[in-house]
Amino acid sequence: MARPIVYGPAGSTYVWSVRLALAEKGVAHDLIDVPFGEQAKEPQLSRQPFGKVPAFEHDGFALYETQAIMRYIDEGFAATPLQPTDLHEFARMNQIMGIVDAYAWSAIAANIVFPRLAAPRFGLPVDEATIAAAVPRAKLCLAEFARFMGEQSFIANEQVTLADLMVFPILFYFARVPEGQSPMAEHPTLGAWLRRMEGRQSVNVTRPSGV
Ligand SMILES: N[C@@H](CCC(=O)N[C@@H](CS)C(=O)NCC(=O)O)C(=O)O
């Protein structure tokens with residue numbers, strides 16, 4: 001069986017989530033970089049017609065949309081399942097993944113982390129107004145993640161699920177920008193979870209260089 005291929009930059013939160021799912025399943029993969037600014041151009045546009053990363057390929061089967069890719073990986077490869085069998089935990093995992101797509105990625109990754117951390121590296125101005133406007137929603141996302149996690153070890157239940165792998169890259173970066181410091185401190189259980197996640201082998205082998 002061929003190694004899966006992930007297309008996208010290692011630093012992208014969604015790319016990282018896909019690679020974490022592969023690493024959690026113990027599946028070696030190839031990463032083909034799509035540098036910033038190239039995602040809406042060929043050849044990436046043929047892989048992901050909406051001009052985003054990641055795209056994925058396995059045994060000639062092409063797929064895009066992070067949630068679909070992560071579910072493919074979990075269903076398609078052996079090793080410990082990353083989706084709970086308990087109905088309520090399964091639903092909670094799905095809900096959290098939906099929150100990432102609908103609210104957390106845009107508030108935290110696109111509107112705070114990107115302008116604060118990445119824009120200066122690309123010679124772009126830091127959009128302070130966008131950052132400030134996104135903070136309340138970012139805080140709400142954290143409050144909800146902390147509420148769902150409660151006293152559990154991971155966000156949807158006692159084991160790592162796809163929800164943890166989607167939330168992790170976003171909070172990893174958020175904890176590293178000034179706007180993330182006090183919201184993260186308000187939720188010590190999230191800080192402890194972040195440290196637990198950072199200790200996992202899957203994180204170590206996929207961690208983007210320079211972060
Ligand atoms: N719905 C897509 C979203 C992917 C996405 O937004 N990726 C970001 C990088 S983390 C991206 O490609 N941004 C570039 C852009 O919006 O132009 C998925 O789930 O894969």
# chains A, B, ... in the order shown; residues from 1 in each chain; ligands from 1
$ residues_near_ligand --ligand "ligand 1" --cutoff "8 Å" --atoms "only C-alpha atoms and all ligand atoms" --output "list in words"
Ser12, Thr13, Tyr14, Val15, Phe36, Gly37, Gln39, Ala40, Gly51, Lys52, Val53, Pro54, Ala55, Tyr64, Glu65, Thr66, Gln67, Ala68, Asp101, Trp105, Ala109 and Ala110 of chain A
$ write_last_selection --atoms "N, CA and C atoms" --output "PDB file, in the first residue's frame"
ATOM      1  N   SER A  12       0.568  24.986   8.812  1.00  0.00           N
ATOM      2  CA  SER A  12      -0.890  25.207   8.766  1.00  0.00           C
ATOM      3  C   SER A  12      -1.579  24.349   9.816  1.00  0.00           C
ATOM      4  N   THR A  13      -2.531  24.946  10.529  1.00  0.00           N
ATOM      5  CA  THR A  13      -3.211  24.190  11.593  1.00  0.00           C
ATOM      6  C   THR A  13      -3.958  22.983  11.025  1.00  0.00           C
ATOM      7  N   TYR A  14      -4.635  23.169   9.896  1.00  0.00           N
ATOM      8  CA  TYR A  14      -5.398  22.044   9.328  1.00  0.00           C
ATOM      9  C   TYR A  14      -4.462  20.954   8.807  1.00  0.00           C
ATOM     10  N   VAL A  15      -3.372  21.344   8.188  1.00  0.00           N
ATOM     11  CA  VAL A  15      -2.384  20.351   7.720  1.00  0.00           C
ATOM     12  C   VAL A  15      -1.848  19.579   8.921  1.00  0.00           C
ATOM     13  N   PHE A  36       3.056  29.324   1.412  1.00  0.00           N
ATOM     14  CA  PHE A  36       2.054  30.381   1.563  1.00  0.00           C
ATOM     15  C   PHE A  36       1.968  31.195   0.265  1.00  0.00           C
ATOM     16  N   GLY A  37       0.754  31.428  -0.197  1.00  0.00           N
ATOM     17  CA  GLY A  37       0.544  32.175  -1.439  1.00  0.00           C
ATOM     18  C   GLY A  37       0.371  31.281  -2.652  1.00  0.00           C
ATOM     19  N   GLN A  39      -1.441  28.336  -2.485  1.00  0.00           N
ATOM     20  CA  GLN A  39      -2.559  27.392  -2.307  1.00  0.00           C
ATOM     21  C   GLN A  39      -3.684  27.611  -3.321  1.00  0.00           C
ATOM     22  N   ALA A  40      -3.808  28.808  -3.836  1.00  0.00           N
ATOM     23  CA  ALA A  40      -4.888  29.069  -4.800  1.00  0.00           C
ATOM     24  C   ALA A  40      -4.359  29.083  -6.237  1.00  0.00           C
ATOM     25  N   GLY A  51      -8.914  26.403  -3.221  1.00  0.00           N
ATOM     26  CA  GLY A  51      -7.666  27.135  -3.000  1.00  0.00           C
ATOM     27  C   GLY A  51      -7.164  27.098  -1.567  1.00  0.00           C
ATOM     28  N   LYS A  52      -7.403  25.974  -0.888  1.00  0.00           N
ATOM     29  CA  LYS A  52      -6.976  25.841   0.518  1.00  0.00           C
ATOM     30  C   LYS A  52      -6.034  24.653   0.669  1.00  0.00           C
ATOM     31  N   VAL A  53      -5.429  24.567   1.833  1.00  0.00           N
ATOM     32  CA  VAL A  53      -4.671  23.382   2.234  1.00  0.00           C
ATOM     33  C   VAL A  53      -5.319  22.839   3.489  1.00  0.00           C
ATOM     34  N   PRO A  54      -5.259  21.518   3.723  1.00  0.00           N
ATOM     35  CA  PRO A  54      -4.514  20.500   2.989  1.00  0.00           C
ATOM     36  C   PRO A  54      -5.323  19.874   1.856  1.00  0.00           C
ATOM     37  N   ALA A  55      -4.568  19.102   1.030  1.00  0.00           N
ATOM     38  CA  ALA A  55      -5.167  18.098   0.147  1.00  0.00           C
ATOM     39  C   ALA A  55      -4.477  16.784   0.505  1.00  0.00           C
ATOM     40  N   TYR A  64     -10.117  16.103  -0.195  1.00  0.00           N
ATOM     41  CA  TYR A  64      -9.824  17.331   0.548  1.00  0.00           C
ATOM     42  C   TYR A  64     -10.950  17.565   1.534  1.00  0.00           C
ATOM     43  N   GLU A  65     -10.785  18.516   2.410  1.00  0.00           N
ATOM     44  CA  GLU A  65     -11.600  18.807   3.595  1.00  0.00           C
ATOM     45  C   GLU A  65     -11.053  18.001   4.770  1.00  0.00           C
ATOM     46  N   THR A  66     -10.524  18.748   5.717  1.00  0.00           N
ATOM     47  CA  THR A  66      -9.779  18.148   6.828  1.00  0.00           C
ATOM     48  C   THR A  66     -10.569  17.092   7.597  1.00  0.00           C
ATOM     49  N   GLN A  67     -11.819  17.391   7.906  1.00  0.00           N
ATOM     50  CA  GLN A  67     -12.596  16.405   8.678  1.00  0.00           C
ATOM     51  C   GLN A  67     -12.739  15.100   7.896  1.00  0.00           C
ATOM     52  N   ALA A  68     -13.011  15.207   6.598  1.00  0.00           N
ATOM     53  CA  ALA A  68     -13.178  14.005   5.772  1.00  0.00           C
ATOM     54  C   ALA A  68     -11.873  13.218   5.720  1.00  0.00           C
ATOM     55  N   ASP A 101     -14.220  24.322  12.892  1.00  0.00           N
ATOM     56  CA  ASP A 101     -14.433  24.782  11.515  1.00  0.00           C
ATOM     57  C   ASP A 101     -15.235  26.085  11.451  1.00  0.00           C
ATOM     58  N   TRP A 105     -11.244  28.282  14.178  1.00  0.00           N
ATOM     59  CA  TRP A 105     -10.179  28.514  13.208  1.00  0.00           C
ATOM     60  C   TRP A 105     -10.172  29.976  12.770  1.00  0.00           C
ATOM     61  N   ALA A 109      -7.051  31.225  14.664  1.00  0.00           N
ATOM     62  CA  ALA A 109      -5.936  31.027  13.722  1.00  0.00           C
ATOM     63  C   ALA A 109      -5.878  32.160  12.696  1.00  0.00           C
ATOM     64  N   ALA A 110      -7.014  32.425  12.048  1.00  0.00           N
ATOM     65  CA  ALA A 110      -6.976  33.389  10.935  1.00  0.00           C
ATOM     66  C   ALA A 110      -6.890  34.831  11.421  1.00  0.00           C
TER      67      ALA A 110
END
$ residues_around --residues "range 141-149 of chain A" --least-positions-apart "4" --cutoff "9 Å" --atoms "only C-alpha atoms" --output "PyMOL selection string"
chain A and resi 92+96+99-100+103-104+107-108+136-137+153-157+167+171+183-184+186-190
$ closest_atom_pairs --of "range 160-187 of chain A" --to "range 194-197 of chain A" --cutoff "12 Å" --atoms "only C-alpha atoms" --output "CSV"
residue,atom,partner,partner_atom,distance
A:Val160,CA,A:Met197,CA,8.9
A:Thr161,CA,A:Met197,CA,11.5
A:Asp164,CA,A:Met197,CA,8.4
A:Leu165,CA,A:Met197,CA,9.0
A:Met166,CA,A:Met197,CA,11.8
A:Val167,CA,A:Leu194,CA,9.7
A:Phe168,CA,A:Leu194,CA,7.0
A:Pro169,CA,A:Leu194,CA,9.5
A:Ile170,CA,A:Leu194,CA,10.4
A:Leu171,CA,A:Leu194,CA,7.5
A:Phe172,CA,A:Leu194,CA,7.0
A:Tyr173,CA,A:Leu194,CA,10.6
A:Phe174,CA,A:Leu194,CA,10.8
A:Ala175,CA,A:Leu194,CA,9.0
A:Arg176,CA,A:Leu194,CA,11.8
A:Met184,CA,A:Leu194,CA,10.0
A:Ala185,CA,A:Leu194,CA,11.9
A:His187,CA,A:Leu194,CA,11.0
$ select_by_dssp --residues "chain A" --states "alpha helix (DSSP H)" --output "PyMOL selection string"
chain A and resi 13-24+44-47+66-76+87-99+119-121+128-149+162-174+178-185+188-198+201-206
$ closest_residue --among "A:Val177, A:Leu124, A:Val203, A:Glu89" --to "Glu158 in chain A" --atoms "only C-alpha atoms"
A:Glu89
$ select_by_dssp --residues "range 24-194 of chain A" --states "strand (DSSP E or B)" --output "PyMOL selection string"
chain A and resi 30-32+55-58+61-64
$ closest_residue --among "A:Arg19, A:Lys139, A:His58, A:His88" --to "Met1 in chain A" --atoms "only C-alpha atoms"
A:His58
$ atom_distance --atom1 "CA of Ile69 in chain A" --atom2 "CA of Ser17 in chain A"
9.7 Å
$ decode --residues "range 92-169 of chain A" --atoms "C-alpha atoms" --output "compact mmCIF listing (two decimals), in the first residue's frame"
# COMPACT_ATOMS: atom_id res chain seq x y z
CA ARG A 92 -19.41 15.74 21.42
CA MET A 93 -16.35 15.02 19.30
CA ASN A 94 -18.30 15.97 16.17
CA GLN A 95 -19.61 19.12 17.84
CA ILE A 96 -16.11 20.24 18.81
CA MET A 97 -14.80 19.58 15.29
CA GLY A 98 -17.70 21.68 13.99
CA ILE A 99 -16.81 24.50 16.41
CA VAL A 100 -13.24 24.47 15.11
CA ASP A 101 -14.43 24.78 11.52
CA ALA A 102 -17.18 27.33 12.17
CA TYR A 103 -15.65 29.55 14.85
CA ALA A 104 -12.27 28.67 16.36
CA TRP A 105 -10.18 28.51 13.21
CA SER A 106 -11.36 31.89 11.94
CA ALA A 107 -11.26 33.68 15.33
CA ILE A 108 -8.03 32.23 16.67
CA ALA A 109 -5.94 31.03 13.72
CA ALA A 110 -6.98 33.39 10.93
CA ASN A 111 -7.72 36.56 12.90
CA ILE A 112 -5.27 36.43 15.81
CA VAL A 113 -2.40 33.99 15.25
CA PHE A 114 -1.90 34.68 11.55
CA PRO A 115 -1.79 38.48 11.82
CA ARG A 116 0.27 38.40 15.02
CA LEU A 117 2.79 35.66 14.19
CA ALA A 118 2.84 34.98 10.47
CA ALA A 119 2.04 38.32 8.82
CA PRO A 120 5.27 40.01 9.97
CA ARG A 121 7.28 37.05 8.61
CA PHE A 122 5.71 37.62 5.21
CA GLY A 123 6.36 41.36 5.38
CA LEU A 124 2.66 42.10 5.90
CA PRO A 125 1.35 44.71 8.38
CA VAL A 126 -0.14 43.52 11.68
CA ASP A 127 -3.88 44.19 11.61
CA GLU A 128 -4.49 45.16 15.24
CA ALA A 129 -8.19 45.93 14.70
CA THR A 130 -8.85 42.43 13.36
CA ILE A 131 -6.94 40.89 16.25
CA ALA A 132 -8.82 42.92 18.89
CA ALA A 133 -12.20 42.14 17.33
CA ALA A 134 -11.51 38.39 17.35
CA VAL A 135 -10.54 38.10 21.02
CA PRO A 136 -14.08 37.77 22.50
CA ARG A 137 -14.95 34.92 20.17
CA ALA A 138 -11.60 33.25 20.81
CA LYS A 139 -12.37 33.41 24.55
CA LEU A 140 -15.78 31.85 23.96
CA CYS A 141 -14.18 28.99 22.03
CA LEU A 142 -11.80 28.33 24.92
CA ALA A 143 -14.61 28.47 27.46
CA GLU A 144 -16.57 25.90 25.47
CA PHE A 145 -13.58 23.58 25.00
CA ALA A 146 -12.88 23.77 28.74
CA ARG A 147 -16.54 23.16 29.58
CA PHE A 148 -16.70 20.09 27.35
CA MET A 149 -13.44 18.72 28.72
CA GLY A 150 -14.46 19.20 32.36
CA GLU A 151 -12.30 16.89 34.43
CA GLN A 152 -11.61 14.49 31.55
CA SER A 153 -8.10 13.90 30.22
CA PHE A 154 -9.04 14.85 26.67
CA ILE A 155 -11.63 17.10 25.10
CA ALA A 156 -14.36 14.62 24.16
CA ASN A 157 -13.61 11.75 26.53
CA GLU A 158 -10.75 9.97 28.30
CA GLN A 159 -8.89 9.11 25.09
CA VAL A 160 -7.45 11.20 22.30
CA THR A 161 -10.03 11.71 19.56
CA LEU A 162 -10.12 13.58 16.29
CA ALA A 163 -11.46 16.56 18.26
CA ASP A 164 -8.20 16.86 20.21
CA LEU A 165 -6.24 16.70 16.97
CA MET A 166 -8.26 19.53 15.46
CA VAL A 167 -8.14 21.76 18.51
CA PHE A 168 -4.49 21.15 19.39
CA PRO A 169 -2.71 23.09 16.61
